[in-house]
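This report refers to the structure that appears directly beneath it.
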Amino acid sequence: MKGETVSKHTVSAGQVAASARGSDIEVDNGILQAMIDALPVQLAYLDVDFNFVYVNAAYALAAGYESAALIGRNHFACFPDADNQRIFERVRDRGERAIYHAKPFRYADRPELGVTYWDWTLTPIKDARGQVVGLILITEDVTERQRSRDALRRYTSRLHLLHDIDRAIMEARSLEATAEAALQGIPMLIPCVRADVILLDAARETATLLAAYAARPSELRAGWETPVARVALWDVAQWARGDVCVVEDLRALPKPDALARQLIADGARGYVAVPLRVQDLLIGALCLGLRGTGALTDDAWAFARELTSSLAIGIHHEQLRQEAELYAVRLERSVARRTAALRASEARFRSIFENAGIGIALLDAAGHILTANPMLQAMLGYDRATLLKRPWADYLHPDDVAVHAEHFAALMAAQRARYRSEMALLDKDGRRIWTDMTLSLIRDEHGQPNFAVALVMDISQRRQAQEALVQTEKLALTGRLAASLAHEINNPLQTVIGCLGLAREIREEGGDVGEFLDIGLEELKRAARIVISLRDLNRRAEPEEREPCDVSALVARLPVLMQKKCRDRHVTLTWQAEDGIPPILGVADRVQQVFLNLALNALDAMPEGGALHIAVTATERPAGVKVTFADTGVGMREDTLSRLFDAFYTTKSRGLGLGLFSSQAIVEDHGGHIDVESRPGEGSTFAVWLPRAAD
């Protein structure tokens with residue numbers, strides 16, 4: 001944009017104007033200074049040599065100078081920056097305005113501030129002949145906002161990367177592939193020149209380099225094997241306790257061993273070894289050769305710990321899978337052998353079978369349990385004799401029975417060699433146990449389907465991590481409501497303060513203070529109800545807490561929680577419920593979270609205001625309750641609707657893409673579903689259906 005022309009009859013909006021006649025500028029310094037100081041933004045006026053002519057109070061405060069100390073001084077003598085100086089010269093010479101957002105800047109005399117970020121505009125001021133006679137600089141410090149965005153971006157990237165790595169680990173079909181899948185994202189988040197996955201063999205007291213990443217060619221490659229005792233950097237006893245080993249500077253070691261010398265040759269300065277453990281069983285370690293000395297950042301530590309947890313489970317599962325498959329092959333071949341050979345093979349299997357860290361069951365062609373190992377017995381809470389009385393499908397959660405029956409039939413029909421799926425089992429007390437279940441086909445000596453081996457790993461902790469995503473979204477909802485609820489709480493507190501003051505005055509005069517005390521009590525109760533609503537929203541629920549819930553009562557809380565936010569957004573919120581709405585069986589605060597998330601999303605879809613109507617109705621076929629959220633917002637395109645419930649998909653600049661993903665998971669976990677209808681410019685309608693509680 002060209003510079004603004006200024007004369008004694010015109011003033012540019014939002015700028016300080018100078019009256020010009022010819023090439024001389026005549027300025028009433030007193031009036032101009034008053035105008036500049038009255039502005040809330042950081043503003044400075046400079047001459048064509050970039051000397052300060054005027055600065056307002058906001059600019060002087062941000063610059064760390066007194067106003068008088070800046071007048072007459074050169075801008076770049078105070079704040080040297082070659083890039084900014086070139087920009088100033090270009091604006092002066094071309095007469096064109098320059099605008100920047102979140103531009104980084106380092107104070108030469110204040111290095112403790114690090115990199116700061118600024119929004120700023122530099123506008124040339126011209127006289128009547130079109131000559132640039134000065135520059136107006138308007139700035140705003142956006143450092144904290146930029147750092148918050150960077151931190152959120154790093155956290156989201158870490159979640160995406162861990163999600164991809166975890167999926168690659170689950171899909172790997174060898175120990176080497178499992179380790180390589182874990183290493184693929186390490187250089188993105190950890191400043192390292194080496195990353196090695198070490199696999200321990202406790203019986204042989206040796207260690208094998210299972211997979212390696214190196215920033216440059218190295219003599220240390222995958223497959224390298226060494227006795228553990230020869231490596232001074234490794235403290236296996238410390239690893240077994242779950243402790244991380246850290247060497248801040250490899251070059252400072254008094255007597256570096258062969259591994260340390262190789263790491264230094266590869267460019268490493270620091271060294272970190274994070275143990276790989278599953279249920280107190282030490283498998284190995286993830287070893288990192290760092291570019292610099294010192295400890296890892298908090299983000300890098302968090303990533304390393306989360307990665308080692310997934311990697312340890314993946315390696316352990318692959319070891320057990322390989323052992324189980326090896327046993328299955330041996331068992332199949334041994335059917336035709338003599339009794340002596342069969343007994344030897346059975347002894348080897350029995351050792352694996354009895355001591356495995358996952359549940360193992362042998363099923364016949366009809367799906368009945370022929371035998372089960374101790375881990376599976378402990379997992380389900382039944383002894384061996386009890387387990388053998390019922391078919392395998394009886395221990396599955398009802399939601400998974402049909403899927404299992406279909407896959408098992410295909411397995412025993414030799415249409416597939418194995419299948420793997422996440423399924424839920426029910427233990428003796430009726431609690432749901434989430435498992436990673438693999439069923440493999442065992443053929444007889446004629447190649448016909450004979451048995452099936454079920455490998456069952458308890459992945460409840462992983463599911464809890466998924467639940468943590470739901471909790472994260474719940475905390476995000478709490479944060480979005482905190483400011484408005486603080487305002488709502490403050491109002492009754494101010495009323496209480498006023499009533500108590502009046503009561504004290506009337507008591508001193510001998511009057512009756514009962515009326516004021518009653519008013520104050522009611523206001524305190526109102527504040528308490530608001531606090532309870534916020535507390536209940538953020539409370540973590542457990543599956544066993546399901547009980548009959550009044551959906552109408554949950555919806556009735558929304559106007560209380562969202563009153564301030566609706567008023568600020570100019571949104572009218574109305575709701576209605578039919579008489580005789582049946583209860584549902586569920587976890588009240590999770591259902592409340594779904595309703596609140598849909599309502600807040602509706603507000604976000606109405607930036608210019610609008611109306612949100614919530615309706616609660618009963619359904620007969622199927623029997624349940626439907627809650628609809630209809631807004632008059634901007635609506636959505638078909639391509640947005642198709643990905644609306646995907647994890648990490650969002651149309652918001654500051655969203656994580658977990659809200660609707662977690663809401664759908666909660667509703668489906670309650671046996672319900674969410675439907676949505678929307679058109680661009682015509683608003684959206686979300687319908688949540690939940691089954692009614694059994695009579």
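Please note that chains go A, B, ... in the order of the structure tokens, that every chain numbers its residues from 1, and that ligands are numbered from 1 in the order shown.
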Query raised in the report: Residues at most 12 Å from Glu171 of chain A, counting only C-alpha atoms, excluding those fewer than 2 positions away in the same chain, as number ranges by chain?
Result: A: 164-169, 173-175, 177-182, 314-315, 317-318, 420-421
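The protein and nucleic acid residues lying at most 12 Å from Arg147 of chain A are Ala102, Pro104, Gly114, Val115, Thr116, Tyr117, Trp118, Asp141, Arg153 and Arg154 of chain A, with only C-alpha atoms considered and sequence neighbours fewer than 6 positions away removed.
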Query raised in the report: atom CA of Asp436 of chain A and atom CA of Ala304 of chain A, how far apart in Å?
Result: 23.5 Å
Report task. Enumerate, as an MDAnalysis selection string, the complete set of residues in segment 245-459 of chain A that a backbone-based DSSP assignment places in strand (DSSP E). Result -> chainID A and resid 245:247 270:278 281:290 359:363 369:372 418:426 432:443 449:458
**Report entry** Interatomic distance (Å, one decimal) between atom CA of Phe88 of chain A and atom CA of Leu135 of chain A
**Finding:**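 A separation of 8.6 Å between them.
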Query raised in the report: atom CA of Ala630 of chain A to atom CA of Cys566 of chain A: how many Å, to one decimal?
Result: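 These atoms are spaced 14.7 Å apart.
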Query raised in the report: Near Asp400 of chain A, counting only C-alpha atoms, which residues have an atom at most 10 Å away, once you skip same-chain residues fewer than 2 positions from it, shown as number ranges by chain?
Result: A: 393, 396-398, 402-405, 422-425
Could you write those residues out with C-alpha atoms, as a PDB file, in the first residue's frame?
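The resulting file, selection30.pdb, is shown below:
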ATOM      1  CA  ALA A 393     -17.453 -66.865  23.172  1.00  0.00           C
ATOM      2  CA  LEU A 396     -16.418 -62.198  25.288  1.00  0.00           C
ATOM      3  CA  HIS A 397     -18.277 -58.937  25.788  1.00  0.00           C
ATOM      4  CA  PRO A 398     -21.722 -59.192  24.085  1.00  0.00           C
ATOM      5  CA  ALA A 402     -20.927 -61.668  16.536  1.00  0.00           C
ATOM      6  CA  VAL A 403     -17.641 -60.336  15.125  1.00  0.00           C
ATOM      7  CA  HIS A 404     -15.675 -63.138  16.781  1.00  0.00           C
ATOM      8  CA  ALA A 405     -18.072 -65.799  15.459  1.00  0.00           C
ATOM      9  CA  GLU A 422      -9.039 -55.662  19.788  1.00  0.00           C
ATOM     10  CA  MET A 423     -11.852 -57.307  21.761  1.00  0.00           C
ATOM     11  CA  ALA A 424     -13.236 -57.028  25.273  1.00  0.00           C
ATOM     12  CA  LEU A 425     -13.464 -59.944  27.711  1.00  0.00           C
TER      13      LEU A 425
END
